file work38.cif (mmCIF, C-alpha atoms)
data_entry
#
loop_
_atom_site.label_atom_id
_atom_site.label_comp_id
_atom_site.auth_asym_id
_atom_site.auth_seq_id
_atom_site.Cartn_x
_atom_site.Cartn_y
_atom_site.Cartn_z
CA MET X 556 152.71 38.76 5.92
CA ALA X 557 153.37 38.22 2.22
CA ARG X 558 157.01 37.90 1.30
CA ALA X 559 158.36 40.81 -0.73
CA VAL X 560 159.37 40.00 -4.29
CA THR X 561 162.37 41.85 -5.69
CA ASN X 562 162.48 43.27 -9.20
CA ARG X 563 165.33 40.91 -10.03
CA ARG X 564 163.28 37.90 -9.04
CA LYS X 565 160.32 39.18 -11.08
CA ALA X 566 162.57 39.60 -14.12
CA ILE X 567 164.07 36.12 -13.77
CA THR X 568 160.63 34.57 -13.30
CA THR X 569 159.31 36.41 -16.35
CA ILE X 570 162.24 35.32 -18.52
CA ILE X 571 161.86 31.69 -17.43
CA ALA X 572 158.11 31.77 -18.06
CA TRP X 573 158.57 33.26 -21.53
CA GLY X 574 161.32 30.74 -22.30
CA ILE X 575 159.10 27.81 -21.34
CA GLY X 576 156.18 29.29 -23.30
CA ILE X 577 158.28 29.78 -26.44
CA LEU X 578 159.72 26.28 -26.13
CA ILE X 579 156.26 24.75 -25.92
CA PHE X 580 154.80 26.89 -28.70
CA PHE X 581 157.78 26.63 -31.08
CA PRO X 582 156.67 23.37 -32.81
CA ILE X 583 153.30 24.96 -33.55
CA LEU X 584 155.00 28.11 -34.82
CA TRP X 585 157.32 26.05 -37.02
CA THR X 586 154.35 24.15 -38.48
CA ILE X 587 152.58 27.41 -39.30
CA LEU X 588 155.70 28.86 -40.94
CA THR X 589 156.31 25.68 -42.94
CA SER X 590 152.78 25.88 -44.31
CA PHE X 591 153.75 29.08 -46.13
CA LYS X 592 156.84 27.53 -47.77
CA THR X 593 157.25 25.62 -50.99
CA GLU X 594 157.99 21.91 -50.74
CA ALA X 595 161.64 22.58 -51.66
CA GLU X 596 162.03 25.20 -48.93
CA ALA X 597 160.23 22.98 -46.41
CA VAL X 598 162.98 20.34 -46.67
CA ALA X 599 165.89 22.71 -47.26
CA ASP X 600 169.05 22.26 -45.20
CA PRO X 601 169.75 24.50 -43.37
CA PRO X 602 166.12 25.48 -42.85
CA SER X 603 164.98 29.07 -43.23
CA PHE X 604 163.01 30.65 -40.41
CA LEU X 605 161.47 33.89 -41.69
CA PHE X 606 163.38 34.77 -44.82
CA PHE X 607 161.82 32.65 -47.54
CA ASN X 608 159.35 33.11 -50.37
CA TRP X 609 155.99 33.17 -48.62
CA THR X 610 153.19 31.48 -50.55
CA LEU X 611 149.55 30.49 -50.06
CA GLU X 612 149.81 27.73 -52.66
CA ASN X 613 149.65 24.94 -50.09
CA TYR X 614 146.37 26.17 -48.64
CA GLY X 615 144.89 26.38 -52.13
CA VAL X 616 145.97 22.83 -52.93
CA VAL X 617 144.63 21.51 -49.61
CA GLN X 618 141.28 23.21 -50.13
CA GLU X 619 140.98 21.87 -53.69
CA ARG X 620 141.94 18.34 -52.70
CA SER X 621 139.85 18.03 -49.50
CA ASN X 622 136.51 19.25 -48.25
CA TYR X 623 137.86 21.03 -45.18
CA LEU X 624 134.47 22.24 -43.95
CA ARG X 625 133.08 18.69 -43.85
CA TYR X 626 136.02 17.49 -41.73
CA LEU X 627 135.65 20.57 -39.52
CA TRP X 628 131.94 19.93 -39.00
CA ASN X 629 132.63 16.29 -38.07
CA SER X 630 135.22 17.39 -35.49
CA VAL X 631 132.82 19.93 -33.97
CA VAL X 632 129.97 17.40 -33.72
CA ILE X 633 132.16 14.66 -32.27
CA SER X 634 134.11 16.77 -29.76
CA VAL X 635 131.19 18.89 -28.53
CA GLY X 636 128.76 15.96 -28.54
CA SER X 637 131.03 13.63 -26.58
CA THR X 638 131.91 16.35 -24.07
CA LEU X 639 128.30 17.37 -23.39
CA LEU X 640 127.20 13.75 -23.03
CA GLY X 641 130.10 13.13 -20.67
CA VAL X 642 129.20 16.16 -18.53
CA ILE X 643 125.53 15.12 -18.35
CA ILE X 644 126.62 11.72 -17.01
CA ALA X 645 129.47 13.00 -14.83
CA VAL X 646 127.65 15.79 -12.93
CA PRO X 647 125.31 13.44 -10.99
CA ALA X 648 128.13 10.92 -10.52
CA ALA X 649 130.52 13.54 -9.17
CA TRP X 650 127.76 14.97 -6.95
CA ALA X 651 127.12 11.56 -5.42
CA MET X 652 130.82 10.91 -4.81
CA ALA X 653 131.46 14.37 -3.38
CA PHE X 654 128.42 14.81 -1.12
CA VAL X 655 127.16 11.27 -0.49
CA PRO X 656 130.41 9.26 -0.37
CA GLY X 657 130.35 5.57 0.39
CA LYS X 658 132.91 3.10 1.60
CA ARG X 659 133.99 2.31 -1.96
CA THR X 660 133.94 5.84 -3.38
CA LYS X 661 137.73 6.19 -3.50
CA ASP X 662 138.05 2.70 -4.93
CA VAL X 663 135.59 3.56 -7.69
CA LEU X 664 137.46 6.77 -8.49
CA LEU X 665 140.77 4.90 -8.68
CA TRP X 666 139.18 2.19 -10.81
CA MET X 667 137.83 4.80 -13.24
CA LEU X 668 141.25 6.41 -13.46
CA SER X 669 142.91 3.02 -13.99
CA THR X 670 140.89 2.51 -17.19
CA LYS X 671 142.98 5.31 -18.75
CA MET X 672 146.02 3.02 -18.39
CA LEU X 673 144.51 0.38 -20.68
CA PRO X 674 146.18 0.38 -24.13
CA ALA X 675 143.56 1.52 -26.64
CA VAL X 676 144.60 -1.11 -29.15
CA GLY X 677 143.64 -3.79 -26.60
CA VAL X 678 139.93 -3.08 -27.09
CA LEU X 679 140.01 -1.91 -30.71
CA PHE X 680 139.04 -5.25 -32.26
CA PRO X 681 135.90 -5.88 -30.16
CA ILE X 682 134.73 -2.28 -30.62
CA VAL X 683 135.17 -2.54 -34.40
CA ILE X 684 133.19 -5.82 -34.41
CA ILE X 685 130.40 -4.26 -32.34
CA ALA X 686 130.36 -1.16 -34.55
CA ARG X 687 130.07 -3.18 -37.76
CA THR X 688 127.46 -5.50 -36.28
CA THR X 689 125.27 -2.58 -35.16
CA ALA X 690 125.87 -0.59 -38.37
CA LEU X 691 127.43 2.24 -36.37
CA PHE X 692 130.84 2.13 -38.04
CA ASP X 693 131.87 5.49 -39.54
CA THR X 694 129.08 7.41 -37.80
CA HIS X 695 129.07 10.40 -35.48
CA LEU X 696 127.14 8.45 -32.85
CA LEU X 697 129.82 5.77 -32.56
CA LEU X 698 132.64 8.26 -32.06
CA ILE X 699 130.58 10.31 -29.60
CA LEU X 700 129.92 7.22 -27.50
CA VAL X 701 133.52 5.97 -27.66
CA LEU X 702 135.10 9.33 -26.84
CA THR X 703 132.58 9.87 -24.04
CA LEU X 704 133.62 6.59 -22.43
CA ILE X 705 137.32 7.38 -22.93
CA ASN X 706 137.17 10.85 -21.38
CA LEU X 707 134.50 10.15 -18.75
CA PRO X 708 137.03 9.31 -15.98
CA ILE X 709 138.76 12.67 -16.50
CA ILE X 710 135.44 14.54 -16.46
CA VAL X 711 134.28 12.79 -13.28
CA TRP X 712 137.60 13.38 -11.53
CA MET X 713 137.68 17.08 -12.42
CA LEU X 714 134.07 17.71 -11.40
CA TYR X 715 134.53 15.68 -8.22
CA THR X 716 137.50 17.89 -7.30
CA TYR X 717 135.51 21.10 -7.93
CA PHE X 718 132.42 19.86 -6.08
CA ARG X 719 134.51 18.95 -3.04
CA GLU X 720 135.41 22.64 -2.70
CA ILE X 721 131.75 23.65 -2.36
CA PRO X 722 130.54 23.70 1.29
CA GLY X 723 127.97 21.00 1.94
CA GLU X 724 126.08 23.38 4.23
CA ILE X 725 124.86 25.29 1.17
CA LEU X 726 123.20 22.19 -0.22
CA GLU X 727 121.72 21.37 3.18
CA ALA X 728 120.22 24.87 3.33
CA ALA X 729 118.69 24.31 -0.11
CA ARG X 730 117.14 21.04 1.08
CA MET X 731 115.66 22.80 4.11
CA ASP X 732 114.08 25.32 1.72
CA GLY X 733 112.36 22.45 -0.09
CA ALA X 734 114.74 21.92 -2.99
CA THR X 735 114.48 18.51 -4.62
CA LEU X 736 117.54 16.55 -5.73
CA ARG X 737 117.06 17.82 -9.27
CA ASP X 738 116.77 21.44 -8.08
CA GLU X 739 119.80 20.99 -5.84
CA ILE X 740 121.98 19.87 -8.76
CA LEU X 741 120.62 22.21 -11.42
CA TYR X 742 120.01 25.44 -9.50
CA VAL X 743 122.43 25.32 -6.56
CA LEU X 744 125.42 23.11 -7.29
CA THR X 745 125.88 23.69 -11.01
CA PRO X 746 125.84 27.54 -10.92
CA MET X 747 128.39 27.54 -8.09
CA ALA X 748 130.70 25.24 -10.04
CA VAL X 749 130.44 27.07 -13.37
CA PRO X 750 134.20 27.85 -13.55
CA GLY X 751 135.06 24.21 -12.89
CA ILE X 752 132.46 22.88 -15.32
CA ALA X 753 133.55 25.37 -18.00
CA SER X 754 137.22 24.37 -17.70
CA THR X 755 136.22 20.69 -17.75
CA ILE X 756 134.22 21.22 -20.95
CA LEU X 757 137.03 23.18 -22.62
CA LEU X 758 139.70 20.64 -21.68
CA ASN X 759 137.67 17.68 -22.88
CA ILE X 760 136.71 19.39 -26.13
CA ILE X 761 140.46 19.77 -26.77
CA LEU X 762 141.10 16.11 -25.86
CA ALA X 763 138.31 14.91 -28.15
CA TRP X 764 139.39 17.28 -30.93
CA ASN X 765 142.95 15.89 -30.84
CA GLU X 766 141.97 12.22 -30.55
CA ALA X 767 143.58 10.38 -33.47
CA PHE X 768 143.68 6.66 -32.69
CA TRP X 769 139.94 6.07 -32.49
CA THR X 770 138.95 8.55 -35.17
CA LEU X 771 141.36 6.99 -37.68
CA ASN X 772 140.31 3.42 -36.91
CA LEU X 773 136.55 3.90 -36.61
CA THR X 774 135.93 6.15 -39.61
CA THR X 775 136.48 6.09 -43.35
CA VAL X 776 134.66 8.95 -45.07
CA ASN X 777 131.32 10.00 -43.57
CA ALA X 778 132.36 10.82 -39.99
CA ALA X 779 136.08 11.43 -40.54
CA PRO X 780 137.23 14.46 -38.47
CA LEU X 781 140.23 16.74 -38.87
CA THR X 782 142.67 14.11 -37.58
CA ALA X 783 141.82 12.03 -40.65
CA PHE X 784 142.11 15.18 -42.74
CA ILE X 785 145.72 15.60 -41.57
CA ALA X 786 146.55 11.91 -42.01
CA SER X 787 145.39 12.02 -45.63
CA TYR X 788 148.47 14.08 -46.50
CA SER X 789 150.82 11.24 -45.61
CA SER X 790 151.06 8.95 -48.62
CA PRO X 791 153.25 6.03 -49.76
CA GLU X 792 154.98 8.42 -52.15
CA GLY X 793 156.36 10.39 -49.20
CA LEU X 794 155.53 13.18 -46.82
CA PHE X 795 154.63 16.50 -48.40
CA TYR X 796 155.78 18.65 -45.50
CA ALA X 797 154.47 22.00 -46.70
CA LYS X 798 151.01 20.67 -47.57
CA LEU X 799 150.94 18.56 -44.40
CA SER X 800 151.80 21.67 -42.39
CA ALA X 801 149.05 23.64 -44.13
CA ALA X 802 146.53 20.89 -43.32
CA SER X 803 147.75 20.76 -39.71
CA THR X 804 147.47 24.54 -39.35
CA MET X 805 143.91 24.49 -40.68
CA ALA X 806 143.07 21.67 -38.26
CA ILE X 807 144.47 23.30 -35.12
CA ALA X 808 143.39 26.87 -35.92
CA PRO X 809 139.84 26.56 -34.48
CA ILE X 810 141.02 25.02 -31.22
CA LEU X 811 143.81 27.59 -30.88
CA VAL X 812 141.28 30.40 -31.27
CA LEU X 813 138.99 28.74 -28.72
CA GLY X 814 141.85 28.36 -26.26
CA TRP X 815 142.98 31.94 -26.76
CA PHE X 816 139.57 33.50 -26.06
CA SER X 817 138.75 31.15 -23.18
CA GLN X 818 142.14 31.13 -21.47
CA LYS X 819 140.97 33.21 -18.49
CA GLN X 820 138.02 30.92 -17.86
CA LEU X 821 140.21 27.88 -18.32
CA VAL X 822 142.85 29.08 -15.87
CA ARG X 823 140.19 30.14 -13.38
CA GLY X 824 138.59 26.72 -13.55
CA LEU X 825 141.85 24.80 -13.31
CA THR X 826 142.82 26.78 -10.18
CA PHE X 827 139.30 26.59 -8.69
CA GLY X 828 139.67 26.00 -4.97
CA ALA X 829 143.47 26.15 -5.03
CA VAL X 830 143.64 29.50 -3.21
CA LYS X 831 141.62 30.11 -0.09
#

call {"tool": "encode", "arguments": {"input": "work38.cif", "output": "structure tokens"}}
result
Amino acid sequence: MARAVTNRRKAITTIIAWGIGILIFFPILWTILTSFKTEAEAVADPPSFLFFNWTLENYGVVQERSNYLRYLWNSVVISVGSTLLGVIIAVPAAWAMAFVPGKRTKDVLLWMLSTKMLPAVGVLFPIVIIARTTALFDTHLLLILVLTLINLPIIVWMLYTYFREIPGEILEAARMDGATLRDEILYVLTPMAVPGIASTILLNIILAWNEAFWTLNLTTVNAAPLTAFIASYSSPEGLFYAKLSAASTMAIAPILVLGWFSQKQLVRGLTFGAVK
């Protein structure tokens, strides 16, 4: 029998949840508010929270100085492209590990996860040399390939976890009905794991969208995404906090909107198989 929850406990839980949510969201809120301040008000001490002279000047300056839409397009191409390529590779790999495991399956999974512990700067130099040698430096293709390799362990692990929750008997029934391996993956396994695949895609789009180290070191102008757009507002003359906040707000706005509208699907996918 489910344990009864008192109103007091509900209230305490709600207050704690809201407190944690506000604490996590506050830096983003502060950045958005700062983007509407003048440079003088942005560095004022003590800082003002809501009562200041609101202005859109920073957004106008940012738009005049930078081609925001070009940076936005680069971010969309790189994040979506790397995620889709990673999913195409990871679905068969996760299927094999989940339904046809071998003696070394767990070792392979741990090895893939261990690659995330490697400092990125440790392989920066050889990747830059390869990129310049193959004329791929500052191209969408280079960043798509690099971010795919970086996020592939996460994609495989997530899909492997979701696939493990699907009964193998369903796939065996499909084989008895004459389904080929391709049909089994495309028409049986994938539709059943849609929540897990959707949450994996959303999470990895966010990871690729926020990637700064590789995008700043492997691009200059042509393929520079929104992370480079933000970094361009840090100059030797100093940090222009209001304009930097406006650029940051413009950079995170699309991903915030995506997260807001897909939060139910994301939560459903992240809790896939957690409750029987």

call {"tool": "closest_residue", "arguments": {"input": "work38.cif", "among": "X:Trp769, X:Ala566, X:Ile740, X:Gly814", "to": "Pro674 in chain X", "atoms": "all atoms listed in the file"}}
result
X:Trp769

call {"tool": "closest_residue", "arguments": {"input": "work38.cif", "among": "X:Pro708, X:Pro602, X:Gly677, X:Gly733", "to": "Val646 in chain X", "atoms": "only C-alpha atoms"}}
result
X:Pro708

call {"tool": "resolve_selection", "arguments": {"input": "work38.cif", "expression": "the PyMOL selection byres ((chain X and resi 796) around 10)", "output": "PyMOL selection string"}}
result
chain X and resi 586+589-590+592-598+613+788-789+793-795+797-802

call {"tool": "atom_distance", "arguments": {"input": "work38.cif", "atom1": "CA of Leu757 in chain X", "atom2": "CA of Ser817 in chain X"}}
result
8.2 Å

call {"tool": "axis_aligned_box", "arguments": {"input": "work38.cif", "around": "range 591-595 of chain X", "padding_each_side": "3 Å", "output": "JSON"}}
result
{"center_x": 157.7, "center_y": 25.5, "center_z": -48.9, "size_x": 13.9, "size_y": 13.2, "size_z": 11.5}

call {"tool": "resolve_selection", "arguments": {"input": "work38.cif", "expression": "the PyMOL selection byres ((chain X and resi 679-681) around 12)", "output": "short mmCIF file (atom, residue, chain, number, x, y, z; two decimals) with C-alpha atoms, in the frame of the given file"}}
result
data_model
loop_
_atom_site.label_atom_id
_atom_site.label_comp_id
_atom_site.auth_asym_id
_atom_site.auth_seq_id
_atom_site.Cartn_x
_atom_site.Cartn_y
_atom_site.Cartn_z
CA LEU X 673 144.51 0.38 -20.68
CA PRO X 674 146.18 0.38 -24.13
CA ALA X 675 143.56 1.52 -26.64
CA VAL X 676 144.60 -1.11 -29.15
CA GLY X 677 143.64 -3.79 -26.60
CA VAL X 678 139.93 -3.08 -27.09
CA ILE X 682 134.73 -2.28 -30.62
CA VAL X 683 135.17 -2.54 -34.40
CA ILE X 684 133.19 -5.82 -34.41
CA ILE X 685 130.40 -4.26 -32.34
CA ALA X 686 130.36 -1.16 -34.55
CA ARG X 687 130.07 -3.18 -37.76
CA THR X 688 127.46 -5.50 -36.28
CA VAL X 701 133.52 5.97 -27.66
CA PHE X 768 143.68 6.66 -32.69
CA TRP X 769 139.94 6.07 -32.49
CA THR X 770 138.95 8.55 -35.17
CA LEU X 771 141.36 6.99 -37.68
CA ASN X 772 140.31 3.42 -36.91
CA LEU X 773 136.55 3.90 -36.61
#

call {"tool": "closest_residue", "arguments": {"input": "work38.cif", "among": "X:Val711, X:Leu691, X:Leu811, X:Met731", "to": "Ile583 in chain X", "atoms": "only C-alpha atoms"}}
result
X:Leu811

call {"tool": "residues_around", "arguments": {"input": "work38.cif", "residues": "Ile709 in chain X", "least_positions_apart": "5", "cutoff": "9 Å", "atoms": "all atoms listed in the file", "output": "list in words"}}
result
Met667, Leu668, Lys671, Leu714, Thr755 and Asn759 of chain X

call {"tool": "closest_residue", "arguments": {"input": "work38.cif", "among": "X:Asp693, X:Pro582, X:Thr775, X:Ala651", "to": "Val663 in chain X", "atoms": "only C-alpha atoms"}}
result
X:Ala651

call {"tool": "resolve_selection", "arguments": {"input": "work38.cif", "expression": "the PyMOL selection byres ((chain X and resi 645) around 9)", "output": "list in words"}}
result
Leu640, Gly641, Val642, Ile643, Ile644, Val646, Pro647, Ala648, Ala649, Trp650, Leu707, Pro708, Ile710, Val711, Trp712, Leu714 and Tyr715 of chain X

call {"tool": "atom_distance", "arguments": {"input": "work38.cif", "atom1": "CA of Val631 in chain X", "atom2": "CA of Gln818 in chain X"}}
result
19.2 Å

call {"tool": "atom_distance", "arguments": {"input": "work38.cif", "atom1": "CA of Ile570 in chain X", "atom2": "CA of Pro601 in chain X"}}
result
28.1 Å

call {"tool": "closest_residue", "arguments": {"input": "work38.cif", "among": "X:Ala728, X:Val635, X:Leu605, X:Ala767", "to": "Thr703 in chain X", "atoms": "only C-alpha atoms"}}
result
X:Val635

call {"tool": "residues_around", "arguments": {"input": "work38.cif", "residues": "Asn629 in chain X", "least_positions_apart": "5", "cutoff": "8 Å", "atoms": "all atoms listed in the file", "output": "PDB file with C-alpha atoms, in the frame of the given file"}}
result
ATOM      1  CA  HIS X 695     129.070  10.400 -35.480  1.00  0.00           C
ATOM      2  CA  ALA X 778     132.360  10.820 -39.990  1.00  0.00           C
ATOM      3  CA  ALA X 779     136.080  11.430 -40.540  1.00  0.00           C
ATOM      4  CA  PRO X 780     137.230  14.460 -38.470  1.00  0.00           C
ATOM      5  CA  LEU X 781     140.230  16.740 -38.870  1.00  0.00           C
TER       6      LEU X 781
END
